[in-house]
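Q: First the structure, then my questions, so here it is.
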There are 2 protein chains.
Amino acid sequence: MAEPVGMAKPGGENLLFLTDEQLRKGIEAMFFAYRAFTADPDRILENYEYGRAHHRAIHFINRQPGLTVNTLLSMLGVTKQSLNRVLRTLVEDGLVEARVGRNDKRERHLHLTVGGAALERELSDAQRTRMRAAYRSTGPTAVAGFRQVLEAMMDPDLRRHYNTMKDGQT
Amino acid sequence: MAEPVGMAKPGGENLLFLTDEQLRKGIEAMFFAYRAFTADPDRILENYEYGRAHHRAIHFINRQPGLTVNTLLSMLGVTKQSLNRVLRTLVEDGLVEARVGRNDKRERHLHLTVGGAALERELSDAQRTRMRAAYRSTGPTAVAGFRQVLEAMMDPDLRRHYNTMKDGQT
DNA sequence: CTTGGAAAGTCAACAACGCTGACATAATAT
DNA sequence: ATATTATGTCAGCGTTGTTGACTTTCCAAG
């Protein structure tokens, strides 16, 4: 630790934090942190014979109950065939309910069952625990920067989903 | 769990940034940002019929030339069998050279060839471009926080690799 | 009311990349 | 010298991503 990530910016801008070396460290930080970020849920999922794809589906269904398959598709950024395989097992196992739309009966509105909500809680508890520890040890200023940089890295389409959910339904 | 971490503490610290809602936003920020983070290299790799695993191997071989298969293994956190498949294609295609160790002939010391270095450059250029844009638009304070939180999230073992390389060749 | 198109789902095949098990070879310890 | 440990390879399997082709259901416009 303890090296210049960028000094003040007096008259001329100091751009030390934009060197290739700094960028490489950021890249590796993303790699190692993401590995840790997914490790806890992955361990839990093994007990249920589910994978990371199931976790992601459960997360967003919990986040926005009643969303359609198509909406979920665009959030996850996978093909419908890939999502369908995951969704089918979750419905079969009674963790997710797919209700036919009232206005548009072609649509399937997705909800977690009681069992699905329980698994969601178990998974997100594990993930939040790690993130809470990281947040706590670094403080609110670092957390704000963390979120700002991540948001700036997103593709506009993905950022739309992120922001939608951020403001969406409180 | 799920207690209001929000308000204030006896001491007077404001812990609003530790609410479950804030944590959830951090989790989703990680998800969406990582997707964007890998999107650029993934697009390039398609042209070469390689995948993300090849990228990771190339990155770390470039980062620390001459490292052994075992060392690379512990950085990537996969099984040696999984890495071997990737490494074999890279050697066959003339992007990586695996030199038998002089002291210990069991070891293979890995180096990028000229062609391997060229691909590494192409991939990391794409990744750096996105990260540079994010860094520039958020500034050095945010970048420092970004790195701090990511580092705090890592497992100790992975963090060791991260720090080792960080000090490696400044 | 017929038809065009969007939404959802299915089936098949394939690729990337995790995994375990079995094995060959080299170094080391007994 | 022989057994054990370390390193790397080969073979096969599972998850999850992909594309392509196709059907069914439904809404809406002509």
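So you can find residues: chains in the structure tokens are A, B, ... in the order shown, residues in each start at 1, and ligands are numbered from 1 in order.
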For chain B, work out the contacting residues on chain D at 10 Å, counting only C-alpha atoms (C1' of nucleotides), and write them as a PDB file with N, CA and C atoms (P, O5', C5', C4', C3', O3' and C1' of nucleotides), in the first residue's frame.
A:
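Produced file selection_33.pdb, reproduced below:
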```pdb
ATOM      1  P    DA D   6       4.836 -32.528  -1.486  1.00  0.00           P
ATOM      2  O5'  DA D   6       5.337 -32.250  -2.977  1.00  0.00           O
ATOM      3  C5'  DA D   6       6.721 -32.010  -3.200  1.00  0.00           C
ATOM      4  C4'  DA D   6       6.935 -31.617  -4.648  1.00  0.00           C
ATOM      5  C3'  DA D   6       5.878 -30.669  -5.208  1.00  0.00           C
ATOM      6  O3'  DA D   6       6.548 -29.676  -5.965  1.00  0.00           O
ATOM      7  C1'  DA D   6       5.971 -32.636  -6.534  1.00  0.00           C
ATOM      8  P    DT D   7       5.742 -28.463  -6.597  1.00  0.00           P
ATOM      9  O5'  DT D   7       5.562 -28.911  -8.125  1.00  0.00           O
ATOM     10  C5'  DT D   7       6.716 -29.148  -8.907  1.00  0.00           C
ATOM     11  C4'  DT D   7       6.331 -29.724 -10.231  1.00  0.00           C
ATOM     12  C3'  DT D   7       5.211 -28.974 -10.946  1.00  0.00           C
ATOM     13  O3'  DT D   7       5.758 -28.312 -12.071  1.00  0.00           O
ATOM     14  C1'  DT D   7       4.977 -31.342 -11.108  1.00  0.00           C
ATOM     15  P    DG D   8       4.861 -27.326 -12.980  1.00  0.00           P
ATOM     16  O5'  DG D   8       4.270 -28.302 -14.093  1.00  0.00           O
ATOM     17  C5'  DG D   8       5.175 -29.038 -14.901  1.00  0.00           C
ATOM     18  C4'  DG D   8       4.437 -30.155 -15.613  1.00  0.00           C
ATOM     19  C3'  DG D   8       3.234 -29.714 -16.456  1.00  0.00           C
ATOM     20  O3'  DG D   8       3.461 -30.072 -17.812  1.00  0.00           O
ATOM     21  C1'  DG D   8       2.742 -31.645 -15.192  1.00  0.00           C
ATOM     22  P    DT D   9       2.342 -29.883 -18.912  1.00  0.00           P
ATOM     23  O5'  DT D   9       1.723 -31.345 -19.021  1.00  0.00           O
ATOM     24  C5'  DT D   9       2.559 -32.419 -19.432  1.00  0.00           C
ATOM     25  C4'  DT D   9       1.726 -33.640 -19.771  1.00  0.00           C
ATOM     26  C3'  DT D   9       0.579 -33.406 -20.752  1.00  0.00           C
ATOM     27  O3'  DT D   9       0.593 -34.455 -21.706  1.00  0.00           O
ATOM     28  C1'  DT D   9      -0.250 -34.413 -18.790  1.00  0.00           C
ATOM     29  P    DC D  10      -0.366 -34.349 -23.005  1.00  0.00           P
ATOM     30  O5'  DC D  10      -1.528 -35.402 -22.673  1.00  0.00           O
ATOM     31  C5'  DC D  10      -1.168 -36.745 -22.348  1.00  0.00           C
ATOM     32  C4'  DC D  10      -2.405 -37.562 -22.019  1.00  0.00           C
ATOM     33  C3'  DC D  10      -3.614 -37.270 -22.908  1.00  0.00           C
ATOM     34  O3'  DC D  10      -4.247 -38.505 -23.225  1.00  0.00           O
ATOM     35  C1'  DC D  10      -4.210 -37.014 -20.655  1.00  0.00           C
TER      36       DC D  10
END
```
Q: Could you give me, as a PyMOL selection string, the residues within 9 Å of A:Ala53, counting only C-alpha atoms (C1' of nucleotides) and dropping anything in the same chain fewer than 5 positions from it?
A: (chain A and resi 58+76+83+86) or (chain D and resi 16)
Q: Using only C-alpha atoms (C1' of nucleotides), select each residue of chain C with any atom at most 8 Å away from an atom of chain B, and give the selection as an NGL selection string.
A: :C and (16-19 or 25-27)
Q: Give me, as a ChimeraX atom specification, the contact residues of chain B against chain A at a cut-off of 8 Å, counting only C-alpha atoms.
A: /B:15,17-18,20,23-30,32-37,127-128,130-138,140-155,158-159,162,166
Q: Once chain B sits on chain A after a least-squares Cα superposition, all atoms in order, what's the RMSD?
A: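 After least-squares fitting, the two copies differ by 3.6 Å C-alpha RMSD.
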Q: Would you mind writing down, as a PyMOL selection string, each residue of chain A that DSSP on the backbone assigns to alpha helix (DSSP H)?
A: chain A and resi 20-48+52-63+69-76+80-92+114-138+140-153+156-167
Q: Could you list, as a PyMOL selection string, every residue within 12 Å of C:DC14, counting only C-alpha atoms (C1' of nucleotides) and ignoring same-chain residues fewer than 4 positions away?
A: chain D and resi 17-20
Q: Produce a file of the selected residues containing N, CA and C atoms (P, O5', C5', C4', C3', O3' and C1' of nucleotides), as an mmCIF file, in the first residue's frame.
A:
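Ended up saving to out_32.cif:
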```cif
data_model
loop_
_atom_site.group_PDB
_atom_site.id
_atom_site.type_symbol
_atom_site.label_atom_id
_atom_site.label_comp_id
_atom_site.auth_asym_id
_atom_site.auth_seq_id
_atom_site.Cartn_x
_atom_site.Cartn_y
_atom_site.Cartn_z
ATOM 1 P P DG D 17 -24.878 -18.763 -17.809
ATOM 2 O "O5'" DG D 17 -24.800 -18.319 -19.347
ATOM 3 C "C5'" DG D 17 -23.773 -17.518 -19.812
ATOM 4 C "C4'" DG D 17 -23.105 -18.067 -21.067
ATOM 5 C "C3'" DG D 17 -23.884 -17.956 -22.383
ATOM 6 O "O3'" DG D 17 -23.888 -16.641 -22.871
ATOM 7 C "C1'" DG D 17 -22.680 -19.986 -22.283
ATOM 8 P P DT D 18 -25.018 -16.228 -23.920
ATOM 9 O "O5'" DT D 18 -24.610 -17.010 -25.257
ATOM 10 C "C5'" DT D 18 -23.349 -16.754 -25.884
ATOM 11 C "C4'" DT D 18 -23.150 -17.675 -27.056
ATOM 12 C "C3'" DT D 18 -24.272 -17.660 -28.083
ATOM 13 O "O3'" DT D 18 -24.056 -16.601 -28.994
ATOM 14 C "C1'" DT D 18 -23.596 -19.898 -27.627
ATOM 15 P P DT D 19 -25.277 -16.095 -29.896
ATOM 16 O "O5'" DT D 19 -25.417 -17.231 -31.012
ATOM 17 C "C5'" DT D 19 -24.281 -17.659 -31.761
ATOM 18 C "C4'" DT D 19 -24.696 -18.754 -32.725
ATOM 19 C "C3'" DT D 19 -25.879 -18.389 -33.629
ATOM 20 O "O3'" DT D 19 -25.556 -18.694 -34.964
ATOM 21 C "C1'" DT D 19 -26.336 -20.403 -32.453
ATOM 22 P P DG D 20 -26.559 -18.244 -36.143
ATOM 23 O "O5'" DG D 20 -27.531 -19.494 -36.270
ATOM 24 C "C5'" DG D 20 -26.976 -20.786 -36.417
ATOM 25 C "C4'" DG D 20 -28.076 -21.800 -36.643
ATOM 26 C "C3'" DG D 20 -29.303 -21.246 -37.372
ATOM 27 O "O3'" DG D 20 -29.689 -22.179 -38.388
ATOM 28 C "C1'" DG D 20 -29.961 -22.259 -35.345
#
```
Q: Among the residues of stretch 47-105 of chain B, find those DSSP assigns to strand (DSSP E) from the backbone and print them as a list in words.
A: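 Reading the DSSP output for stretch 47-105 of chain B, strand (DSSP E) covers Val96, Glu97, Ala98, Arg99 and Val100 of chain B.
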Q: Dump N, CA and C atoms for the selected residues as a PDB file, in the first residue's frame?
A:
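Saved the output as part.pdb:
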```pdb
ATOM      1  N   VAL B  96       2.988 -18.908 -26.250  1.00  0.00           N
ATOM      2  CA  VAL B  96       3.652 -19.103 -24.965  1.00  0.00           C
ATOM      3  C   VAL B  96       4.755 -20.148 -25.132  1.00  0.00           C
ATOM      4  N   GLU B  97       5.861 -19.921 -24.447  1.00  0.00           N
ATOM      5  CA  GLU B  97       6.959 -20.877 -24.457  1.00  0.00           C
ATOM      6  C   GLU B  97       7.079 -21.463 -23.051  1.00  0.00           C
ATOM      7  N   ALA B  98       7.176 -22.790 -22.954  1.00  0.00           N
ATOM      8  CA  ALA B  98       7.285 -23.460 -21.656  1.00  0.00           C
ATOM      9  C   ALA B  98       8.668 -24.087 -21.559  1.00  0.00           C
ATOM     10  N   ARG B  99       9.570 -23.434 -20.861  1.00  0.00           N
ATOM     11  CA  ARG B  99      10.950 -23.910 -20.762  1.00  0.00           C
ATOM     12  C   ARG B  99      11.130 -24.802 -19.542  1.00  0.00           C
ATOM     13  N   VAL B 100      11.744 -25.948 -19.766  1.00  0.00           N
ATOM     14  CA  VAL B 100      12.017 -26.876 -18.669  1.00  0.00           C
ATOM     15  C   VAL B 100      13.005 -26.230 -17.700  1.00  0.00           C
TER      16      VAL B 100
END
```
Q: Rounded to one decimal, what separation in Å do you get between atom CA of B:Thr164 and atom CA of B:Pro41?
A: 24.5 Å
